[in-house]
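Engineer: Structure below; questions to follow.
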Amino acid sequence: MILHPFNRRTLIGGLAATVAAPAIVRAQSVSDTPFTLGVASGDPSPDGFVIWTRLAPKPLELHSGLRMTKTTVNWEVASDDRFATTVAKGEAIAHPELGHSIHVEVAGLQPNRPYWYRFASGGAMSTVGKARTLPAPSANLAQLRFIAGGCQHYEAGYYTAYRRLAEEADVDFFWHYGDYIYEGTGFHAPGSNPPVRNHHADEPYSLDDYRARYAQYKLDPDLQAAHAAHTWWVTWDDHETDNNWASRFDQDGTPEEIFNLRRQAAAQAYYENMPLRRTSLPHGTAIQIFRQASYGDLLDCWFLDTRQFRDDQPCGDGLKAVCPEALDAKRTIMGAEEEKWLFNGLAKGTRRWNLVANQVMMMPLDRRQTDSDAPQWNMDSWAGYPAARKRLLDHLQAQKIRNVVVTTGDEHQNFAGELRAKVTEGPALATEFLGTSISTGGDGVDLSPRYKAVLARNPHCPFINSQRGYVVHDVGREHWQATFKVLDKITTRDGKLSTRAKFAVERGQPGLKTA
Ligand code: FE
Ligand code: CA
């Protein structure tokens with residue numbers, strides 16, 4: 001990330017392409033600049049991407065310290081990091097209705113290359129972000145790299161994982177699997193460290209509450225660095241709204257018509273704070289999260305939304321033995337429309353690989369601790385929707401689709417495993433890499449006694465780790481490698497990153513191989 005100091009002459013002259021990088025550093029207190037929340041890019045196309053910022057001179061105050069009027073923001077995209085050659089620029093309106101956020105859909109750029117972007121408003125200039133366009137859909141692509149991460153409880157630890165992944169080179173995109181904010185305190189694993197910092201306010205319910213929660217998270221410089229460094233595909237999970245929500249249902253039995261008001265506030269705040277296209281602007285509670293992207297002829301990405309359209313968790317939610325409700329053949333975790341979209345897309349796909357980027361664990365994982373217990377399943381994961389999982393795996397088998405890699409988050413542990421034809425038995429039909437958390441759960445340990453028992457009981461899932469970090473995916477034409485990177489601690493800022501495990505998948509041969 002390059003910090004561009006404030007320079008009034010640059011701004012009076014507009015964002016002219018000929019203006020050199022500012023040489024004079026003008027002091028400016030943090031409270032003066034509206035660009036306290038950083039910049040972001042997302043949802044790339046072969047000729048562009050979304051660039052985002054949100055004006056907030058006083059980010060934690062009501063209306064973020066702004067008058068409730070429209071504000072003009074200048075934006076600029078250059079083909080070099082010093083802005084010697086501007087390739088696109090314009091003015092955008094920061095609407096008070098949208099929390100003074102800006103979502104510019106930049107177009108007309110070249111495919112598969114980096115660009116740099118920045119914003120200016122009221123005499124202040126933002127930091128610079130780097131964004132990358134998609135390769136042309138027909139491009140012959142030898143390889144790509146993406147990073148998977150998410151689950152960033154602000155109180156649980158520092159965002160060192162974001163700092164480190166911002167420094168990763170040759171990254172085509174970062175995929176966020178959700179839990180960008182947490183609405184509640186807690187969610188700290190038993191025995192984990194106490195909070196290292198605190199939420200500024202109680203649980204959010206109103207739009208202004210959620211705006212302030214996003215603002216607090218986005219003030220973190222490590223998170224800002226990760227946004228500035230890479231182009232993101234964002235998907236949400238539960239904590240952007242409320243723990244373990246499921247379509248119209250929250251976990252507390254709140255009447256649907258009342259919970260829907262909260263969903264509406266949460267969906268709008270999510271849109272305002274993410275680099276999403278206008279096609280994801282919410283209508284009431286509805287927001288378009290599931291979407292598709294192609295990286296040349298190499299990879300089709302299917303970004304799922306397993307929260308908005310799912311049936312309620314069965315058997316009372318939580319870790320439970322299977323009850324009859326869970327086995328209902330009609331149960332859905334994606335909803336009919338999204339399921340049809342995914343199944344048709346997978347069947348028609350012609351690319352080397354399919355990435356199914358999903359929020360909650362798809363492979364069945366028996367979590368019982370002793371032989372005398374009944375098998376225990378996480379009812380918030382696909383284990384609570386076994387008919388939906390079977391429909392997907394049956395489809396892969398019937399259509400002979402053998403190039404699917406499933407990526408997941410939510411668990412705050414790392415897992416590598418196989419999706420098999422007969423629950424935990426039979427041939428592998430797809431491979432799943434589930435990434436841990438950026439911070440949720442605190443420091444963690446390599447393998448807790450509880451997960452040691454789970455590891456022993458689930459031979460289709462031979463890797464479990466309970467530290468914080470992210471997963472780097474290197475996708476080649478025949479070979480896919482997943483690298484699990486973990487931090488020794490996140491309760492201090494000097495955590496050390498190391499590679500904990502690597503796995504490979506060979507194209508056409510679902511299942512794990514040692515890398
Ligand atoms: Fe989480
Ligand atoms: Ca979650």
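Identifiers in the structure tokens: chain A, B, ... in order shown; residue index from 1 per chain; ligand index from 1 in order shown.
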Any idea what's packed within 8 Å of Ala504 (chain A), counting only C-alpha atoms, ignoring anything in its chain fewer than 6 positions away? Could you give it as number ranges by chain?

Structural biologist: A: 479-482, 512-515

Engineer: Quick one: write out the picked residues with N, CA and C atoms as a compact mmCIF listing (two decimals), in the first residue's frame?

Structural biologist:
```txt
# COMPACT_ATOMS: atom_id res chain seq x y z
N HIS A 479 -2.97 -29.54 -11.79
CA HIS A 479 -2.57 -29.72 -10.41
C HIS A 479 -3.05 -28.53 -9.60
N TRP A 480 -3.72 -28.80 -8.48
CA TRP A 480 -4.21 -27.73 -7.59
C TRP A 480 -3.50 -27.92 -6.26
N GLN A 481 -2.91 -26.86 -5.75
CA GLN A 481 -2.24 -26.97 -4.45
C GLN A 481 -2.87 -26.00 -3.45
N ALA A 482 -3.17 -26.51 -2.26
CA ALA A 482 -3.68 -25.68 -1.16
C ALA A 482 -2.62 -25.62 -0.07
N LEU A 512 -7.65 -36.00 -1.87
CA LEU A 512 -6.43 -35.35 -1.40
C LEU A 512 -5.19 -36.15 -1.77
N LYS A 513 -4.17 -35.40 -2.19
CA LYS A 513 -2.85 -35.99 -2.38
C LYS A 513 -1.87 -35.15 -1.57
N THR A 514 -0.77 -35.73 -1.18
CA THR A 514 0.25 -34.93 -0.51
C THR A 514 0.96 -34.07 -1.56
N ALA A 515 1.21 -32.83 -1.17
CA ALA A 515 1.84 -31.90 -2.12
C ALA A 515 3.35 -31.95 -1.99
```

Engineer: Once you count only C-alpha atoms and all ligand atoms, which residues end up within 9 Å of ligand 2, and could you hand them over as a VMD selection string?

Structural biologist: chain A and resid 151 177 to 179 236 to 240 243 to 244 359 to 360 380 409 to 412

Engineer: Out of region 267-514 of chain A, which residues get helix (DSSP H, G or I) from DSSP, as a VMD selection string?

Structural biologist: chain A and resid 267 to 273 278 to 280 324 to 327 336 to 348 382 to 384 386 to 398 449 to 457

Engineer: What lies within 12 Å of Lys330 (chain A) using only C-alpha atoms, ignoring chain neighbours under 4 positions off, as JSON, numbers by chain?

Structural biologist: {"A": [310, 311, 325, 326, 334, 335, 336, 385, 386, 387, 388, 389, 390, 391]}

Engineer: By how many Å are CA of Asp47 (chain A) and CA of Val77 (chain A) apart?

Structural biologist: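 Rounded to one decimal, the two atoms are 12.6 Å apart.
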
Engineer: Fewer than 3 positions away in the same chain doesn't count, so skip those; otherwise give me all residues within 10 Å of Val39 (chain A), counting only C-alpha atoms, as a list of chain:residue names.

Structural biologist: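 The filter keeps A:Phe35, A:Thr36, A:Ile51, A:Trp52, A:Thr53, A:Arg54, A:Ile102, A:Tyr117, A:Arg118, A:Phe119, A:Ser126, A:Thr127, A:Val128, A:Gly129, A:Lys130, A:Lys218, A:Gln224, A:Ala225, A:Ala226, A:His227, A:Ala228, A:Ala229, A:Met274, A:Pro275.
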
Engineer: Can you pull out the residues contacting Phe343 (chain A)? Cut-off 10 Å, using only C-alpha atoms, and skip same-chain residues under 5 positions away; I want them as a PyMOL selection string.

Structural biologist: chain A and resi 338+348-349+391-392+395-396+399

Engineer: One decimal, in Å: what's the spacing between CA of Pro462 (chain A) and CA of Phe415 (chain A)?

Structural biologist: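 Separating CA of Pro462 (chain A) from CA of Phe415 (chain A) is a distance of 7.8 Å.
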
Engineer: Env of region 55-65 of chain A: 10 Å cut, atoms = only C-alpha atoms, seq-sep filter 5 positions within chain, self excluded. Answer as a PyMOL selection string.

Structural biologist: chain A and resi 30-38+71+73+94-96+99-102+121+126+200-201+208-209+211-216+218-219

Engineer: Write the selection just made, keeping N, CA and C atoms, as a compact mmCIF listing (two decimals), in the first residue's frame?

Structural biologist:
```
# COMPACT_ATOMS: atom_id res chain seq x y z
N VAL A 30 -6.07 13.10 11.44
CA VAL A 30 -6.95 12.01 11.01
C VAL A 30 -8.39 12.49 10.90
N SER A 31 -8.77 13.38 11.79
CA SER A 31 -10.17 13.79 11.81
C SER A 31 -10.54 14.64 10.59
N ASP A 32 -9.53 15.16 9.86
CA ASP A 32 -9.84 15.96 8.69
C ASP A 32 -10.19 15.13 7.46
N THR A 33 -9.53 13.99 7.31
CA THR A 33 -9.72 13.23 6.09
C THR A 33 -10.99 12.39 6.18
N PRO A 34 -11.74 12.35 5.07
CA PRO A 34 -12.91 11.45 5.09
C PRO A 34 -12.54 10.01 4.74
N PHE A 35 -11.27 9.76 4.38
CA PHE A 35 -10.88 8.42 3.90
C PHE A 35 -10.26 7.58 5.01
N THR A 36 -10.92 7.56 6.16
CA THR A 36 -10.38 6.81 7.30
C THR A 36 -10.57 5.31 7.18
N LEU A 37 -11.49 4.89 6.28
CA LEU A 37 -11.85 3.46 6.24
C LEU A 37 -11.16 2.73 5.09
N GLY A 38 -10.23 3.42 4.42
CA GLY A 38 -9.46 2.76 3.37
C GLY A 38 -10.22 2.67 2.07
N THR A 71 -22.28 14.21 -1.47
CA THR A 71 -20.90 14.69 -1.52
C THR A 71 -20.25 14.15 -2.79
N VAL A 73 -17.16 12.90 -5.01
CA VAL A 73 -15.86 12.25 -4.83
C VAL A 73 -15.26 12.05 -6.23
N ALA A 94 -21.41 10.46 -3.29
CA ALA A 94 -21.58 9.72 -2.05
C ALA A 94 -22.94 10.11 -1.47
N HIS A 95 -23.88 9.18 -1.53
CA HIS A 95 -25.24 9.46 -1.08
C HIS A 95 -25.37 9.24 0.43
N PRO A 96 -26.02 10.16 1.12
CA PRO A 96 -26.28 9.91 2.55
C PRO A 96 -27.15 8.66 2.76
N GLY A 99 -24.87 5.73 3.37
CA GLY A 99 -23.78 5.92 4.32
C GLY A 99 -22.56 6.57 3.71
N HIS A 100 -22.80 7.40 2.68
CA HIS A 100 -21.70 8.08 1.97
C HIS A 100 -20.66 7.10 1.44
N SER A 101 -21.14 5.94 0.99
CA SER A 101 -20.23 4.99 0.34
C SER A 101 -20.20 5.25 -1.16
N ILE A 102 -19.12 4.78 -1.78
CA ILE A 102 -18.90 4.95 -3.23
C ILE A 102 -18.63 3.58 -3.83
N SER A 121 -11.57 13.93 -2.24
CA SER A 121 -12.79 14.66 -1.90
C SER A 121 -12.46 15.74 -0.88
N SER A 126 -7.33 9.74 -0.84
CA SER A 126 -7.33 8.42 -0.20
C SER A 126 -5.97 7.74 -0.35
N HIS A 200 -16.97 -1.25 20.20
CA HIS A 200 -17.23 0.09 20.73
C HIS A 200 -18.65 0.24 21.24
N ALA A 201 -19.52 -0.70 20.90
CA ALA A 201 -20.93 -0.54 21.23
C ALA A 201 -21.57 -1.91 21.38
N ASP A 208 -27.61 2.32 11.39
CA ASP A 208 -26.49 3.11 11.92
C ASP A 208 -25.60 2.27 12.85
N ASP A 209 -26.23 1.35 13.61
CA ASP A 209 -25.42 0.44 14.46
C ASP A 209 -24.46 -0.38 13.60
N ARG A 211 -23.46 0.23 10.51
CA ARG A 211 -22.46 1.10 9.86
C ARG A 211 -21.28 1.35 10.80
N ALA A 212 -21.58 1.62 12.06
CA ALA A 212 -20.50 1.91 13.01
C ALA A 212 -19.66 0.66 13.29
N ARG A 213 -20.30 -0.52 13.29
CA ARG A 213 -19.53 -1.76 13.52
C ARG A 213 -18.56 -2.01 12.35
N TYR A 214 -19.06 -1.84 11.13
CA TYR A 214 -18.14 -1.95 9.98
C TYR A 214 -17.02 -0.93 10.08
N ALA A 215 -17.37 0.29 10.49
CA ALA A 215 -16.35 1.35 10.58
C ALA A 215 -15.26 0.95 11.57
N GLN A 216 -15.66 0.41 12.71
CA GLN A 216 -14.63 0.03 13.69
C GLN A 216 -13.69 -1.03 13.11
N LYS A 218 -13.11 -1.63 9.94
CA LYS A 218 -12.36 -1.11 8.79
C LYS A 218 -11.30 -0.10 9.17
N LEU A 219 -11.32 0.40 10.39
CA LEU A 219 -10.24 1.27 10.85
C LEU A 219 -8.94 0.49 11.03
```

Engineer: Have a look at A:Gln509, A:Gln152, A:Thr370, A:Gln397 and name the one nearest to ligand 1; count only C-alpha atoms and all ligand atoms.

Structural biologist: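 Of all the options, A:Gln152 lies closest to ligand 1.
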
Engineer: How far is it from CA of Trp341 (chain A) to CA of Gln292 (chain A), in Å with one decimal?

Structural biologist: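 Between these atoms lies a distance of 9.7 Å.
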
Engineer: Which one of A:Val106, A:Met361, A:Ala347, A:Leu98 sits closest to ligand 1 if you count only C-alpha atoms and all ligand atoms?

Structural biologist: A:Met361

Engineer: Per DSSP on the backbone, filter region 179-241 of chain A down to the residues in strand (DSSP E or B) and report them as JSON, numbers by chain.

Structural biologist: {"A": [231, 232, 233, 234]}

Engineer: With C-alpha atoms kept, could you save the residues just selected as a PDB file, in the first residue's frame?

Structural biologist:
```pdb
ATOM      1  CA  THR A 231      -9.183  -7.558  -5.519  1.00  0.00           C
ATOM      2  CA  TRP A 232     -11.792  -9.309  -3.395  1.00  0.00           C
ATOM      3  CA  TRP A 233     -14.781 -11.513  -4.059  1.00  0.00           C
ATOM      4  CA  VAL A 234     -16.899 -11.131  -0.930  1.00  0.00           C
TER       5      VAL A 234
END
```
